[in-house]
Number of protein chains: 2
Amino acid sequence: MTDASGLSRRGLIGSVGAGAALALAGSGALYASGREAARQPTGTTHPFYGVHQAGITTAAQDRLHFGAFDLNPSATREDLIGLLRDWTAAASRLTQGLGAGTFGPLSGPYDAPPDDTGEAIGLDPAGLTITFGFGPSLFAGPTGRDRFGIAARRPEALNRLPHFPGDALDLAASDGDVCVQACSNDPQVAVHAIRNLTRIAMGRASLRWSQLGFGRTSSTTSDQVTPRNLFGFKDGTANLRAEDTAGLDSHVWTAPGHDPKAGWLDGGSYLVARKIAMHIETWDRGSLREQETFIGRTKAEGAPLSGGTEFTAPDFALAGREGRPLVDPDSHLAMAHPDRNNGVRLLRRGYNYVDGSNTLGRLSAGLFFIAFVVDPRTHYIPMQTAMARSDLLQEYLRHVGSGLWAVPPGVAAGQFVGQALFS
Amino acid sequence: MTDASGLSRRGLIGSVGAGAALALAGSGALYASGREAARQPTGTTHPFYGVHQAGITTAAQDRLHFGAFDLNPSATREDLIGLLRDWTAAASRLTQGLGAGTFGPLSGPYDAPPDDTGEAIGLDPAGLTITFGFGPSLFAGPTGRDRFGIAARRPEALNRLPHFPGDALDLAASDGDVCVQACSNDPQVAVHAIRNLTRIAMGRASLRWSQLGFGRTSSTTSDQVTPRNLFGFKDGTANLRAEDTAGLDSHVWTAPGHDPKAGWLDGGSYLVARKIAMHIETWDRGSLREQETFIGRTKAEGAPLSGGTEFTAPDFALAGREGRPLVDPDSHLAMAHPDRNNGVRLLRRGYNYVDGSNTLGRLSAGLFFIAFVVDPRTHYIPMQTAMARSDLLQEYLRHVGSGLWAVPPGVAAGQFVGQALFS
């Protein structure tokens, strides 16, 4: 049952632009033109130790398991340090394809539990990275008590994100003392990592919430194909890339002196997570014209509606019929553009998710947004405040989860993640 | 940070058996010995049309999106036929890498919604199969009314599964008039399929529940490596395989005359789905010895505890210390073995799942069990009844979802799935 009508209907989409027409000419109704291009090789191992933590500028892996943990009410400073030490050891092993513990899943005393749960036996790490972050509540718990003797070293920028217009947060699936981002090209490997870290935390910390993401929505290196979100559009075309070291230094890594109280965070970053439910059923009822207007880009090529190809800079001044700008000033492209945000740029690392379906018979689906930024006060909060008010896309979005964590710098061999915070 | 201790500790696991020791000798603490072996190539396309539906004996793909739909209360026989016709057309296209509709995601009238949602643009089908089944409620709704004029043709074997001991079912995530199993090696492709079929159903049927599975737990062809479940054990070693055509004829495909009322189902099968939550935190506290005893196999190799390698037949009579059988008669291996189940065999096609975490700080994780059987009355209900009573594993399992569907035979070009039911 082959359909040959795709090509003949190209005339109908004249206003999509040359890029889209070209893409269609090559693919017709068969749209599998970039065969496997968006998928990562699985046989990759990333170093755990380094100047920065892995999992930030690392080429975005295809799958995510994100966990947010709370320290147990009785946990002491020593418990926290011990946990970070144990987690560091486990992460340094898991990312290299070793078991979570020194015995591994198949060895050790036969009458004791294995120190690895075993479901990743036979799987390589598939690019696994494990990235840790510290939330504001780690520095002062709900009662304001300085549980771990670190309250004085809380960075000024590390506060719960403010309430944005339209937020409908599930507080039980927001925030958390410590976050762990596990990314891999094999979901079983990412799940295995969070599971084993959860197990190691037993008695000291427990999982507050966790989220799986099945498909990356960002590219973080220049050679990655731009993936698509659940609106069907390419996402993150203008993302900061690993190769742009100057851009990373300005917009991602905290520099020495950024916060006199928080020298331990030098060379780190901030991780913003937002679980954004997407009303995909409503979106799917919009015309191609509306969808492209809201995004500000063509659906096929991802080119700005002002013309060109995916990576052409948008021309916000260029006007079309009746003198209206081709790129709507309230489009997602315009709202998120550095020109509209004091020049700030983000390193995005989000994932598509589906959590089954809801009682209305709709998929519980959307975007688990992750961004790494040098300072959320300049690099996220103003942009999201503006977007929540004006972005045309907001009609189709609902923010249901939120979190902000300070991401310590990378770990040197023999140290543990965040060690400088305790010295 | 390399660990060299794995090999020297082999002496500790003397009782694991030769197979396990051999596996360890090769891998040490680094257990990524079967690098990528468990993963499927993505560049595969399976035919949609055929004698049987695809997605049953098809080499089990790595990822799953399963949807259960209910026809709307006002839906007529014509609506149901129209829906099956539209779904067939869409499935025949999606599985071949085409868009859900004839225009595709990028074509069609610019002022109308695209007839495909677009998030699979650039992705090949990655082995996508779409398999349809009809639930008992399709034949007679909750009120017993014969909504679609097919009640008289309901197969005798097609009833809601009985309540099994220990069942703790979420009824909102059980059953459904029609089920759709979408399997692909790319989760975004499987999600895209269910989403577009949901969209096509609008006004006629809506999604009752849906489930993602991130890792296959069964092999269905002889050349597939046996995967691991979230207990860390190989699962489905004794599974029926596509190459065993005599076994399939006896245990999977309904033969002509199997049910005089239901000739439309000849060449079909029954799909049993069970969402089985696993208490993995408790499991992880058990010793390697206990875990192996409960499963009846070694964790490393998956060999029966009576000796040999993975595919060696278990010897239930072989006794060890104190005259006890090496394979516990209540182990999962023993309980599920054909010798204990009147010789019946299943074609299993399950998936590991994680649905985030629960309020106790534990992963909501387990097995989404799928099996295709010739008759659930002989091939599932007796086995599950016995298992629910005696299987040592039950302590770690809770059945939280359930469904049974009759799976029509394959579709010929120009026909729609289940067409014979309406003629």
# chains A, B, ... in the order shown; residues from 1 in each chain; ligands from 1
>>> select_by_dssp(residues="range 248-383 of chain B", states="strand (DSSP E)", output="MDAnalysis selection string")
chainID B and resid 269:278 347:348 351:357 363:373
>>> write_last_selection(atoms="N, CA and C atoms", output="compact mmCIF listing (two decimals), in the first residue's frame")
# COMPACT_ATOMS: atom_id res chain seq x y z
N SER B 269 -4.55 -15.40 17.50
CA SER B 269 -3.97 -15.81 18.77
C SER B 269 -4.68 -15.04 19.88
N TYR B 270 -4.23 -15.24 21.11
CA TYR B 270 -4.71 -14.44 22.23
C TYR B 270 -3.52 -13.73 22.86
N LEU B 271 -3.74 -12.47 23.19
CA LEU B 271 -2.69 -11.69 23.85
C LEU B 271 -3.07 -11.52 25.32
N VAL B 272 -2.22 -12.03 26.20
CA VAL B 272 -2.37 -11.83 27.64
C VAL B 272 -1.39 -10.75 28.06
N ALA B 273 -1.88 -9.70 28.71
CA ALA B 273 -0.98 -8.67 29.25
C ALA B 273 -1.17 -8.61 30.76
N ARG B 274 -0.07 -8.54 31.48
CA ARG B 274 -0.11 -8.40 32.94
C ARG B 274 0.95 -7.40 33.32
N LYS B 275 0.53 -6.34 33.99
CA LYS B 275 1.52 -5.40 34.52
C LYS B 275 1.92 -5.88 35.90
N ILE B 276 3.17 -6.28 36.04
CA ILE B 276 3.64 -6.93 37.26
C ILE B 276 4.66 -6.03 37.94
N ALA B 277 4.22 -5.36 39.00
CA ALA B 277 5.14 -4.52 39.77
C ALA B 277 6.11 -5.42 40.52
N MET B 278 7.37 -5.05 40.51
CA MET B 278 8.39 -5.84 41.17
C MET B 278 8.94 -5.07 42.37
N LEU B 347 4.44 -17.94 24.03
CA LEU B 347 5.35 -17.04 23.34
C LEU B 347 5.30 -15.73 24.11
N ARG B 348 6.35 -15.48 24.88
CA ARG B 348 6.40 -14.27 25.71
C ARG B 348 7.03 -13.13 24.94
N TYR B 351 8.23 -6.59 28.53
CA TYR B 351 9.15 -5.45 28.59
C TYR B 351 9.34 -4.98 30.02
N ASN B 352 10.55 -4.59 30.35
CA ASN B 352 10.80 -3.88 31.60
C ASN B 352 10.18 -2.49 31.54
N TYR B 353 9.62 -2.04 32.65
CA TYR B 353 9.10 -0.68 32.69
C TYR B 353 9.55 0.01 33.98
N VAL B 354 9.63 1.32 33.93
CA VAL B 354 9.76 2.17 35.12
C VAL B 354 8.82 3.35 34.91
N ASP B 355 7.87 3.52 35.83
CA ASP B 355 6.93 4.65 35.78
C ASP B 355 7.30 5.66 36.85
N GLY B 356 8.51 6.15 36.86
CA GLY B 356 8.91 7.09 37.91
C GLY B 356 9.02 6.37 39.25
N SER B 357 8.63 7.06 40.32
CA SER B 357 8.77 6.46 41.65
C SER B 357 7.51 6.71 42.45
N LEU B 363 11.30 3.05 43.18
CA LEU B 363 10.97 3.06 41.77
C LEU B 363 9.68 2.27 41.54
N SER B 364 8.78 2.84 40.76
CA SER B 364 7.61 2.10 40.31
C SER B 364 8.04 1.32 39.08
N ALA B 365 8.49 0.12 39.31
CA ALA B 365 9.18 -0.62 38.25
C ALA B 365 8.70 -2.05 38.20
N GLY B 366 8.89 -2.67 37.07
CA GLY B 366 8.52 -4.07 36.97
C GLY B 366 8.55 -4.57 35.55
N LEU B 367 7.69 -5.55 35.34
CA LEU B 367 7.62 -6.24 34.06
C LEU B 367 6.24 -6.04 33.46
N PHE B 368 6.20 -5.53 32.25
CA PHE B 368 4.93 -5.55 31.52
C PHE B 368 4.95 -6.84 30.70
N PHE B 369 4.28 -7.86 31.29
CA PHE B 369 4.27 -9.21 30.72
C PHE B 369 3.30 -9.24 29.56
N ILE B 370 3.76 -9.75 28.43
CA ILE B 370 2.89 -10.00 27.28
C ILE B 370 3.16 -11.42 26.83
N ALA B 371 2.10 -12.19 26.60
CA ALA B 371 2.27 -13.52 26.03
C ALA B 371 1.20 -13.74 24.97
N PHE B 372 1.58 -14.43 23.92
CA PHE B 372 0.63 -14.85 22.89
C PHE B 372 0.41 -16.35 23.03
N VAL B 373 -0.86 -16.73 23.15
CA VAL B 373 -1.18 -18.14 23.40
C VAL B 373 -2.38 -18.56 22.55
>>> atom_distance(atom1="CA of Gly50 in chain A", atom2="CA of Glu243 in chain A")
16.6 Å
>>> closest_residue(among="B:Ile150, B:Leu138, B:Ala182, B:Leu360", to="chain A", atoms="only C-alpha atoms")
B:Leu360
>>> atom_distance(atom1="CA of Phe134 in chain A", atom2="CA of Asp62 in chain A")
24.3 Å
>>> select_by_dssp(residues="range 22-210 of chain B", states="alpha helix (DSSP H)", output="JSON, numbers by chain")
{"B": [22, 23, 24, 25, 26, 27, 77, 78, 79, 80, 81, 82, 83, 84, 85, 86, 87, 88, 89, 90, 91, 92, 93, 94, 136, 137, 138, 139, 187, 188, 189, 190, 191, 192, 193, 194, 195, 196, 197, 198, 199, 200]}
>>> write_last_selection(atoms="C-alpha atoms", output="PDB file, in the first residue's frame")
ATOM      1  CA  LEU B  22      33.486 -19.257  33.052  1.00  0.00           C
ATOM      2  CA  ALA B  23      31.454 -16.134  32.435  1.00  0.00           C
ATOM      3  CA  LEU B  24      33.278 -14.350  35.212  1.00  0.00           C
ATOM      4  CA  ALA B  25      36.670 -15.467  34.036  1.00  0.00           C
ATOM      5  CA  GLY B  26      36.023 -13.672  30.800  1.00  0.00           C
ATOM      6  CA  SER B  27      34.557 -10.513  32.225  1.00  0.00           C
ATOM      7  CA  ARG B  77     -20.886  -0.651  14.193  1.00  0.00           C
ATOM      8  CA  GLU B  78     -20.040   1.577  11.251  1.00  0.00           C
ATOM      9  CA  ASP B  79     -17.779   3.677  13.459  1.00  0.00           C
ATOM     10  CA  LEU B  80     -15.941   0.563  14.610  1.00  0.00           C
ATOM     11  CA  ILE B  81     -15.509  -0.726  11.064  1.00  0.00           C
ATOM     12  CA  GLY B  82     -14.394   2.688   9.899  1.00  0.00           C
ATOM     13  CA  LEU B  83     -11.918   2.926  12.735  1.00  0.00           C
ATOM     14  CA  LEU B  84     -10.430  -0.491  11.991  1.00  0.00           C
ATOM     15  CA  ARG B  85     -10.204   0.452   8.335  1.00  0.00           C
ATOM     16  CA  ASP B  86      -8.459   3.723   9.140  1.00  0.00           C
ATOM     17  CA  TRP B  87      -6.159   2.110  11.688  1.00  0.00           C
ATOM     18  CA  THR B  88      -5.202  -0.596   9.199  1.00  0.00           C
ATOM     19  CA  ALA B  89      -4.334   1.989   6.579  1.00  0.00           C
ATOM     20  CA  ALA B  90      -2.302   3.998   9.062  1.00  0.00           C
ATOM     21  CA  ALA B  91      -0.503   0.950  10.468  1.00  0.00           C
ATOM     22  CA  SER B  92       0.330  -0.288   6.980  1.00  0.00           C
ATOM     23  CA  ARG B  93       1.951   3.072   6.339  1.00  0.00           C
ATOM     24  CA  LEU B  94       3.662   3.734   9.664  1.00  0.00           C
ATOM     25  CA  PRO B 136     -14.189  -9.179  25.616  1.00  0.00           C
ATOM     26  CA  SER B 137     -15.849  -5.807  26.233  1.00  0.00           C
ATOM     27  CA  LEU B 138     -15.901  -5.121  22.492  1.00  0.00           C
ATOM     28  CA  PHE B 139     -18.395  -7.939  22.101  1.00  0.00           C
ATOM     29  CA  PRO B 187      10.909   4.436  21.417  1.00  0.00           C
ATOM     30  CA  GLN B 188      10.067   7.688  19.656  1.00  0.00           C
ATOM     31  CA  VAL B 189       8.769   5.633  16.716  1.00  0.00           C
ATOM     32  CA  ALA B 190       6.592   3.464  18.977  1.00  0.00           C
ATOM     33  CA  VAL B 191       5.242   6.527  20.822  1.00  0.00           C
ATOM     34  CA  HIS B 192       4.566   8.214  17.500  1.00  0.00           C
ATOM     35  CA  ALA B 193       2.542   5.210  16.323  1.00  0.00           C
ATOM     36  CA  ILE B 194       0.252   5.061  19.375  1.00  0.00           C
ATOM     37  CA  ARG B 195      -0.142   8.828  19.371  1.00  0.00           C
ATOM     38  CA  ASN B 196      -1.215   8.930  15.737  1.00  0.00           C
ATOM     39  CA  LEU B 197      -3.583   5.973  16.111  1.00  0.00           C
ATOM     40  CA  THR B 198      -5.089   7.749  19.131  1.00  0.00           C
ATOM     41  CA  ARG B 199      -5.549  10.839  17.052  1.00  0.00           C
ATOM     42  CA  ILE B 200      -7.162   8.917  14.209  1.00  0.00           C
TER      43      ILE B 200
END
>>> residues_around(residues="range 378-395 of chain B", least_positions_apart="3", cutoff="8 Å", atoms="only C-alpha atoms", output="PDB file with C-alpha atoms, in the first residue's frame")
ATOM      1  CA  LEU B 161      -9.160 -12.950  33.128  1.00  0.00           C
ATOM      2  CA  PRO B 162     -10.265 -14.292  36.508  1.00  0.00           C
ATOM      3  CA  PHE B 164      -5.873 -14.576  40.756  1.00  0.00           C
ATOM      4  CA  PRO B 165      -4.647 -14.812  44.344  1.00  0.00           C
ATOM      5  CA  GLY B 166      -2.728 -11.674  45.228  1.00  0.00           C
ATOM      6  CA  HIS B 251       0.747 -23.212  21.319  1.00  0.00           C
ATOM      7  CA  VAL B 272      -2.371 -11.829  27.643  1.00  0.00           C
ATOM      8  CA  PHE B 294      13.944 -18.409  43.756  1.00  0.00           C
ATOM      9  CA  ILE B 295      14.627 -18.226  40.024  1.00  0.00           C
ATOM     10  CA  ASP B 330       8.612 -23.847  43.827  1.00  0.00           C
ATOM     11  CA  SER B 331      11.252 -21.912  41.885  1.00  0.00           C
ATOM     12  CA  HIS B 332      10.111 -19.789  38.991  1.00  0.00           C
ATOM     13  CA  MET B 335       6.629 -23.457  38.169  1.00  0.00           C
ATOM     14  CA  ALA B 336       6.737 -22.124  34.629  1.00  0.00           C
ATOM     15  CA  ASN B 341       1.899 -27.188  33.083  1.00  0.00           C
ATOM     16  CA  VAL B 344       1.937 -25.888  27.495  1.00  0.00           C
ATOM     17  CA  ARG B 345       4.355 -23.279  26.226  1.00  0.00           C
ATOM     18  CA  LEU B 346       3.939 -19.536  25.750  1.00  0.00           C
ATOM     19  CA  VAL B 373      -1.180 -18.141  23.399  1.00  0.00           C
ATOM     20  CA  VAL B 374      -3.523 -20.391  21.480  1.00  0.00           C
ATOM     21  CA  ASP B 375      -6.045 -20.457  24.334  1.00  0.00           C
ATOM     22  CA  ARG B 398       2.293  -7.654  42.567  1.00  0.00           C
TER      23      ARG B 398
END
>>> closest_residue(among="A:Leu305, A:Leu98, A:Ala60, A:Leu333", to="chain B", atoms="only C-alpha atoms")
A:Leu98
>>> closest_residue(among="B:Ala173, B:Ala242, B:Leu397, B:Val252", to="chain A", atoms="only C-alpha atoms")
B:Ala173
>>> closest_residue(among="A:Pro227, A:Pro408, A:Pro325, A:Gly55", to="Leu128 in chain A", atoms="only C-alpha atoms")
A:Gly55
>>> residues_around(residues="Thr117 in chain A", least_positions_apart="5", cutoff="9 Å", atoms="only C-alpha atoms", output="PyMOL selection string")
(chain A and resi 99-100+104-105+192+195-196) or (chain B and resi 230-232+280+284)
